[in-house]
Amino acid sequence: LSGEVIPVTDESRQICARCADGTVICGEWEIMSRSPRVKIAEVFLNKQASAVPSALAAVKNADILFIAPGSLYTGIIPLFLMGGMKSALRKSRAKKIWVANVLSQPGLTDEMTIARHVLEIEKYSGVLLDGVVVNTGVVSHGLLRHYKKFSANVLKEGDIPSRIKVVRADCIESRVSRSARTERDRGKNFEKWKQWSHLLRHDCIKLRKVLKNFL
C-alpha cells in the first residue's frame with residue numbers, strides 16, 4: 001500500500017471560536033481550556049487561507065473521501081475553511097464518509113451526539129455525508145475511568161439522518177497500544193499534556209475491513 005500526504009495549505013493560521021456569549025477565543029488549546037466552557041457558536045480562521053492546488057485536485061478526483069476521526073472544531077472543520085475546499089468538495093463525485101469519534105472532547109464537543117457532529121461537518125463542508133462509521137466496541141472500564149476524569153464520555157449516536165448509510169462495528173483497539181503508551185509517557189514532560197493522553201484509538205485492521213462496506 002502506498003500513498004501521498006498532501007497538506008491542505010502552506011499558510012500558517014489559527015482557528016478561532018465565537019462562543020454563545022460573544023466571546024472570541026483563538027488557538028486550539030485556548031479554545032479547549034477556556035473557562036467557563038460556554039457553548040461554541042461558530043468557528044473560523046483568524047485570517048483567510050487558500051488550500052494548495054494539489055489538495056483541491058485530490059479531492060475533486062477522488063473516488064471516495066474518508067474523513068478521519070479527530071477534534072471536530074479544531075482539527076476537522078478547519079480543513080473545510082480553506083479557500084477553495086468547499087467548491088472542490090461540491091464538485092467531487094466521491095462518496096463522503098466520516099469515521100465517527102468514539103468519545104466527546106472536553107471543551108469542544110461536551111454533550112454532543114454523533115448526529116450533531118454530522119450536522120456540523122455538513123454545515124462547514126457544504127456537502128452531505130453519504131456514510132458514517134459508528135463504533136460498537138466496548139471501551140474498557142480502565143480507559144473510561146481515565147477519560148471521565150476530564151469529563152470525556154462515550155458519544156451517543158443520536159438521530160443520524162436516514163439518508164446516511166450507517167455502518168456499526170467494533171473499530172477500536174482492545175487494549176492500549178505501544179504507541180499510545182509512548183505518547184502518554186512523552187506527554188508527562190509537557191505541561192499541557194499532563195492531564196490528557198490519547199490512549200483510546202481505532203484499530204487500523206478492524207477499520208480497514210469496515211471501510212470496505214463503502215467501496
# chains A, B, ... in the order shown; residues from 1 in each chain; ligands from 1
>>> residues_around(residues="Cys19 in chain A", least_positions_apart="4", cutoff="9 Å", atoms="only C-alpha atoms", output="short mmCIF file (atom, residue, chain, number, x, y, z; two decimals) with all heavy atoms, in the first residue's frame")
data_model
loop_
_atom_site.label_atom_id
_atom_site.label_comp_id
_atom_site.auth_asym_id
_atom_site.auth_seq_id
_atom_site.Cartn_x
_atom_site.Cartn_y
_atom_site.Cartn_z
N THR A 23 -17.95 35.96 23.23
CA THR A 23 -16.50 35.92 23.43
C THR A 23 -15.80 35.22 22.26
O THR A 23 -16.29 34.21 21.77
CB THR A 23 -16.16 35.16 24.73
OG1 THR A 23 -16.81 35.78 25.83
CG2 THR A 23 -14.65 35.16 24.97
N VAL A 24 -14.69 35.79 21.81
CA VAL A 24 -13.91 35.19 20.73
C VAL A 24 -12.58 34.71 21.29
O VAL A 24 -11.86 35.46 21.96
CB VAL A 24 -13.66 36.20 19.59
CG1 VAL A 24 -12.72 35.60 18.55
CG2 VAL A 24 -14.98 36.60 18.93
N ILE A 25 -12.25 33.44 21.03
CA ILE A 25 -11.01 32.83 21.52
C ILE A 25 -10.28 32.22 20.34
O ILE A 25 -10.88 31.54 19.51
CB ILE A 25 -11.30 31.73 22.56
CG1 ILE A 25 -12.15 32.29 23.71
CG2 ILE A 25 -10.01 31.14 23.10
CD1 ILE A 25 -12.66 31.23 24.66
N ARG A 37 -16.81 27.02 30.22
CA ARG A 37 -16.98 26.38 28.91
C ARG A 37 -18.32 26.77 28.28
O ARG A 37 -19.23 25.96 28.14
CB ARG A 37 -16.89 24.87 29.05
CG ARG A 37 -15.48 24.38 29.32
CD ARG A 37 -15.45 22.87 29.43
NE ARG A 37 -14.11 22.37 29.66
CZ ARG A 37 -13.81 21.11 29.93
NH1 ARG A 37 -14.80 20.22 30.01
NH2 ARG A 37 -12.57 20.74 30.14
N VAL A 38 -18.38 28.02 27.86
CA VAL A 38 -19.57 28.49 27.17
C VAL A 38 -19.67 27.80 25.82
O VAL A 38 -18.65 27.58 25.15
CB VAL A 38 -19.52 30.02 26.98
CG1 VAL A 38 -20.76 30.52 26.26
CG2 VAL A 38 -19.38 30.71 28.34
N LYS A 39 -20.86 27.46 25.39
CA LYS A 39 -21.07 26.73 24.14
C LYS A 39 -20.47 27.47 22.94
O LYS A 39 -20.55 28.68 22.84
CB LYS A 39 -22.57 26.52 23.91
CG LYS A 39 -22.90 25.69 22.67
CD LYS A 39 -24.40 25.51 22.53
CE LYS A 39 -24.73 24.72 21.26
NZ LYS A 39 -26.20 24.54 21.10
N ILE A 40 -19.84 26.71 22.05
CA ILE A 40 -19.27 27.28 20.84
C ILE A 40 -20.37 27.54 19.82
O ILE A 40 -21.14 26.63 19.47
CB ILE A 40 -18.21 26.34 20.24
CG1 ILE A 40 -17.01 26.22 21.18
CG2 ILE A 40 -17.76 26.82 18.86
CD1 ILE A 40 -15.98 25.20 20.73
N ALA A 41 -20.46 28.78 19.35
CA ALA A 41 -21.49 29.15 18.37
C ALA A 41 -20.98 28.94 16.94
O ALA A 41 -21.73 28.50 16.06
CB ALA A 41 -21.90 30.59 18.57
N GLU A 42 -19.71 29.28 16.69
CA GLU A 42 -19.13 29.09 15.37
C GLU A 42 -17.61 29.12 15.47
O GLU A 42 -17.05 29.62 16.43
CB GLU A 42 -19.59 30.17 14.40
CG GLU A 42 -19.11 31.56 14.75
CD GLU A 42 -19.38 32.56 13.65
OE1 GLU A 42 -19.45 32.15 12.46
OE2 GLU A 42 -19.54 33.76 13.95
N VAL A 43 -16.96 28.55 14.45
CA VAL A 43 -15.50 28.61 14.38
C VAL A 43 -15.10 29.20 13.04
O VAL A 43 -15.82 29.09 12.04
CB VAL A 43 -14.85 27.23 14.57
CG1 VAL A 43 -15.04 26.72 15.98
CG2 VAL A 43 -15.40 26.21 13.57
#
>>> closest_residue(among="A:Leu108, A:Leu56, A:Ala94, A:Pro78", to="Arg34 in chain A", atoms="only C-alpha atoms")
A:Leu108
>>> select_by_dssp(residues="range 63-102 of chain A", states="strand (DSSP E)", output="PyMOL selection string")
chain A and resi 64-67+95-99
>>> write_last_selection(atoms="all heavy atoms", output="tab-separated table (two decimals), in the first residue's frame")
chain	number	residue	atom	x	y	z
A	64	ILE	N	-13.54	8.11	-3.47
A	64	ILE	CA	-14.20	8.10	-2.16
A	64	ILE	C	-13.36	8.93	-1.19
A	64	ILE	O	-12.13	8.92	-1.25
A	64	ILE	CB	-14.36	6.64	-1.64
A	64	ILE	CG1	-15.22	6.61	-0.38
A	64	ILE	CG2	-13.02	5.98	-1.44
A	64	ILE	CD1	-15.69	5.20	-0.03
A	65	LEU	N	-14.03	9.68	-0.33
A	65	LEU	CA	-13.35	10.54	0.64
A	65	LEU	C	-13.71	10.08	2.05
A	65	LEU	O	-14.88	10.09	2.43
A	65	LEU	CB	-13.78	12.01	0.44
A	65	LEU	CG	-13.33	12.68	-0.85
A	65	LEU	CD1	-14.06	14.01	-1.03
A	65	LEU	CD2	-11.82	12.90	-0.83
A	66	PHE	N	-12.71	9.67	2.79
A	66	PHE	CA	-12.91	9.28	4.18
A	66	PHE	C	-12.44	10.41	5.08
A	66	PHE	O	-11.30	10.87	4.98
A	66	PHE	CB	-12.12	8.01	4.52
A	66	PHE	CG	-12.64	6.77	3.85
A	66	PHE	CD1	-11.91	6.15	2.84
A	66	PHE	CD2	-13.86	6.23	4.22
A	66	PHE	CE1	-12.38	5.01	2.23
A	66	PHE	CE2	-14.35	5.08	3.60
A	66	PHE	CZ	-13.61	4.47	2.60
A	67	ILE	N	-13.33	10.87	5.94
A	67	ILE	CA	-12.98	11.90	6.92
A	67	ILE	C	-12.65	11.17	8.21
A	67	ILE	O	-13.48	10.48	8.79
A	67	ILE	CB	-14.14	12.88	7.14
A	67	ILE	CG1	-14.54	13.53	5.81
A	67	ILE	CG2	-13.77	13.94	8.17
A	67	ILE	CD1	-15.80	14.38	5.89
A	95	LYS	N	-17.95	9.54	-2.81
A	95	LYS	CA	-18.73	9.34	-1.60
A	95	LYS	C	-17.99	10.00	-0.44
A	95	LYS	O	-16.77	9.96	-0.39
A	95	LYS	CB	-18.91	7.85	-1.30
A	95	LYS	CG	-19.73	7.08	-2.31
A	95	LYS	CD	-19.79	5.61	-1.90
A	95	LYS	CE	-20.57	4.78	-2.91
A	95	LYS	NZ	-20.59	3.34	-2.54
A	96	LYS	N	-18.74	10.62	0.47
A	96	LYS	CA	-18.12	11.26	1.62
A	96	LYS	C	-18.49	10.48	2.87
A	96	LYS	O	-19.66	10.39	3.26
A	96	LYS	CB	-18.58	12.71	1.78
A	96	LYS	CG	-17.97	13.69	0.77
A	96	LYS	CD	-18.73	13.72	-0.53
A	96	LYS	CE	-18.18	14.79	-1.48
A	96	LYS	NZ	-18.86	14.77	-2.79
A	97	ILE	N	-17.49	9.88	3.50
A	97	ILE	CA	-17.70	9.01	4.65
A	97	ILE	C	-16.94	9.55	5.85
A	97	ILE	O	-15.75	9.90	5.74
A	97	ILE	CB	-17.19	7.57	4.37
A	97	ILE	CG1	-17.66	7.08	2.99
A	97	ILE	CG2	-17.61	6.64	5.49
A	97	ILE	CD1	-19.17	7.00	2.84
A	98	TRP	N	-17.61	9.62	6.99
A	98	TRP	CA	-16.93	10.06	8.22
A	98	TRP	C	-16.82	8.90	9.20
A	98	TRP	O	-17.82	8.21	9.48
A	98	TRP	CB	-17.69	11.21	8.89
A	98	TRP	CG	-17.12	11.63	10.22
A	98	TRP	CD1	-15.80	11.93	10.50
A	98	TRP	CD2	-17.82	11.77	11.46
A	98	TRP	NE1	-15.65	12.26	11.83
A	98	TRP	CE2	-16.88	12.16	12.44
A	98	TRP	CE3	-19.15	11.61	11.84
A	98	TRP	CZ2	-17.23	12.39	13.77
A	98	TRP	CZ3	-19.49	11.84	13.16
A	98	TRP	CH2	-18.54	12.23	14.11
A	99	VAL	N	-15.63	8.67	9.71
A	99	VAL	CA	-15.42	7.69	10.77
A	99	VAL	C	-15.62	8.43	12.09
A	99	VAL	O	-14.80	9.27	12.48
A	99	VAL	CB	-14.00	7.08	10.71
A	99	VAL	CG1	-13.81	6.07	11.84
A	99	VAL	CG2	-13.76	6.42	9.35
>>> select_by_dssp(residues="range 47-192 of chain A", states="alpha helix (DSSP H)", output="ChimeraX atom specification")
/A:53-61,77-80,85-91,114-125,141-148,178-187
>>> closest_atom_pairs(of="range 94-123 of chain A", to="range 129-139 of chain A", cutoff="12 Å", atoms="only C-alpha atoms", output="CSV")
residue,atom,partner,partner_atom,distance
A:Ala94,CA,A:Asp130,CA,9.4
A:Lys95,CA,A:Asp130,CA,5.9
A:Lys96,CA,A:Leu129,CA,5.1
A:Ile97,CA,A:Gly131,CA,4.6
A:Trp98,CA,A:Val132,CA,4.9
A:Val99,CA,A:Val133,CA,4.7
A:Ala100,CA,A:Val134,CA,5.6
A:Asn101,CA,A:Val134,CA,7.9
A:Val102,CA,A:Asn135,CA,6.6
A:Leu103,CA,A:Val139,CA,9.8
A:Thr113,CA,A:Val134,CA,11.4
A:Ile114,CA,A:Val134,CA,8.3
A:Ala115,CA,A:Val132,CA,9.6
A:His117,CA,A:Val132,CA,10.6
A:Val118,CA,A:Leu129,CA,7.7
A:Leu119,CA,A:Leu129,CA,9.2
A:Glu120,CA,A:Leu129,CA,10.9
A:Ile121,CA,A:Leu129,CA,8.3
A:Glu122,CA,A:Leu129,CA,6.8
A:Lys123,CA,A:Leu129,CA,10.5
>>> residues_around(residues="range 27-32 of chain A", least_positions_apart="4", cutoff="8 Å", atoms="only C-alpha atoms", output="PyMOL selection string")
chain A and resi 14-17+74+106-108
>>> residues_around(residues="range 201-213 of chain A", least_positions_apart="5", cutoff="8 Å", atoms="only C-alpha atoms", output="list in words")
Val133, Val167, Ala169, Asp170, Cys171, Ile172, Glu173 and Val176 of chain A
>>> write_last_selection(atoms="N, CA and C atoms", output="tab-separated table (two decimals), in the first residue's frame")
chain	number	residue	atom	x	y	z
A	133	VAL	N	-19.32	5.75	10.05
A	133	VAL	CA	-18.92	4.54	10.76
A	133	VAL	C	-19.06	4.80	12.25
A	167	VAL	N	-22.73	2.34	9.24
A	167	VAL	CA	-22.15	1.02	9.47
A	167	VAL	C	-21.66	0.98	10.91
A	169	ALA	N	-19.87	-1.12	13.90
A	169	ALA	CA	-18.95	-2.25	14.07
A	169	ALA	C	-17.93	-1.93	15.15
A	170	ASP	N	-17.29	-2.97	15.66
A	170	ASP	CA	-16.21	-2.80	16.63
A	170	ASP	C	-14.98	-2.32	15.86
A	171	CYS	N	-14.56	-1.08	16.13
A	171	CYS	CA	-13.46	-0.47	15.37
A	171	CYS	C	-12.27	-0.08	16.24
A	172	ILE	N	-12.33	-0.35	17.53
A	172	ILE	CA	-11.29	0.17	18.42
A	172	ILE	C	-10.32	-0.92	18.87
A	173	GLU	N	-9.15	-0.46	19.30
A	173	GLU	CA	-8.15	-1.38	19.82
A	173	GLU	C	-8.63	-1.96	21.14
A	176	VAL	N	-4.58	-0.77	25.24
A	176	VAL	CA	-3.76	0.40	24.95
A	176	VAL	C	-2.54	-0.02	24.15
>>> atom_distance(atom1="CA of Asp159 in chain A", atom2="CA of Arg116 in chain A")
8.4 Å
>>> residues_around(residues="Gly84 in chain A", least_positions_apart="4", cutoff="7 Å", atoms="only C-alpha atoms", output="MDAnalysis selection string")
chainID A and resid 50:51 88
>>> write_last_selection(atoms="all heavy atoms", output="mmCIF file, in the first residue's frame")
data_model
loop_
_atom_site.group_PDB
_atom_site.id
_atom_site.type_symbol
_atom_site.label_atom_id
_atom_site.label_comp_id
_atom_site.auth_asym_id
_atom_site.auth_seq_id
_atom_site.Cartn_x
_atom_site.Cartn_y
_atom_site.Cartn_z
ATOM 1 N N SER A 50 -5.748 29.839 1.659
ATOM 2 C CA SER A 50 -6.145 29.081 0.476
ATOM 3 C C SER A 50 -5.603 27.658 0.542
ATOM 4 O O SER A 50 -4.472 27.434 0.998
ATOM 5 C CB SER A 50 -5.619 29.759 -0.793
ATOM 6 O OG SER A 50 -6.176 31.052 -0.945
ATOM 7 N N ALA A 51 -6.407 26.728 0.086
ATOM 8 C CA ALA A 51 -5.947 25.341 0.002
ATOM 9 C C ALA A 51 -4.967 25.225 -1.158
ATOM 10 O O ALA A 51 -5.106 25.912 -2.167
ATOM 11 C CB ALA A 51 -7.129 24.407 -0.211
ATOM 12 N N ALA A 88 -14.361 22.467 -4.103
ATOM 13 C CA ALA A 88 -13.801 21.185 -4.534
ATOM 14 C C ALA A 88 -14.653 20.023 -4.047
ATOM 15 O O ALA A 88 -14.881 19.049 -4.780
ATOM 16 C CB ALA A 88 -12.367 21.051 -4.021
#
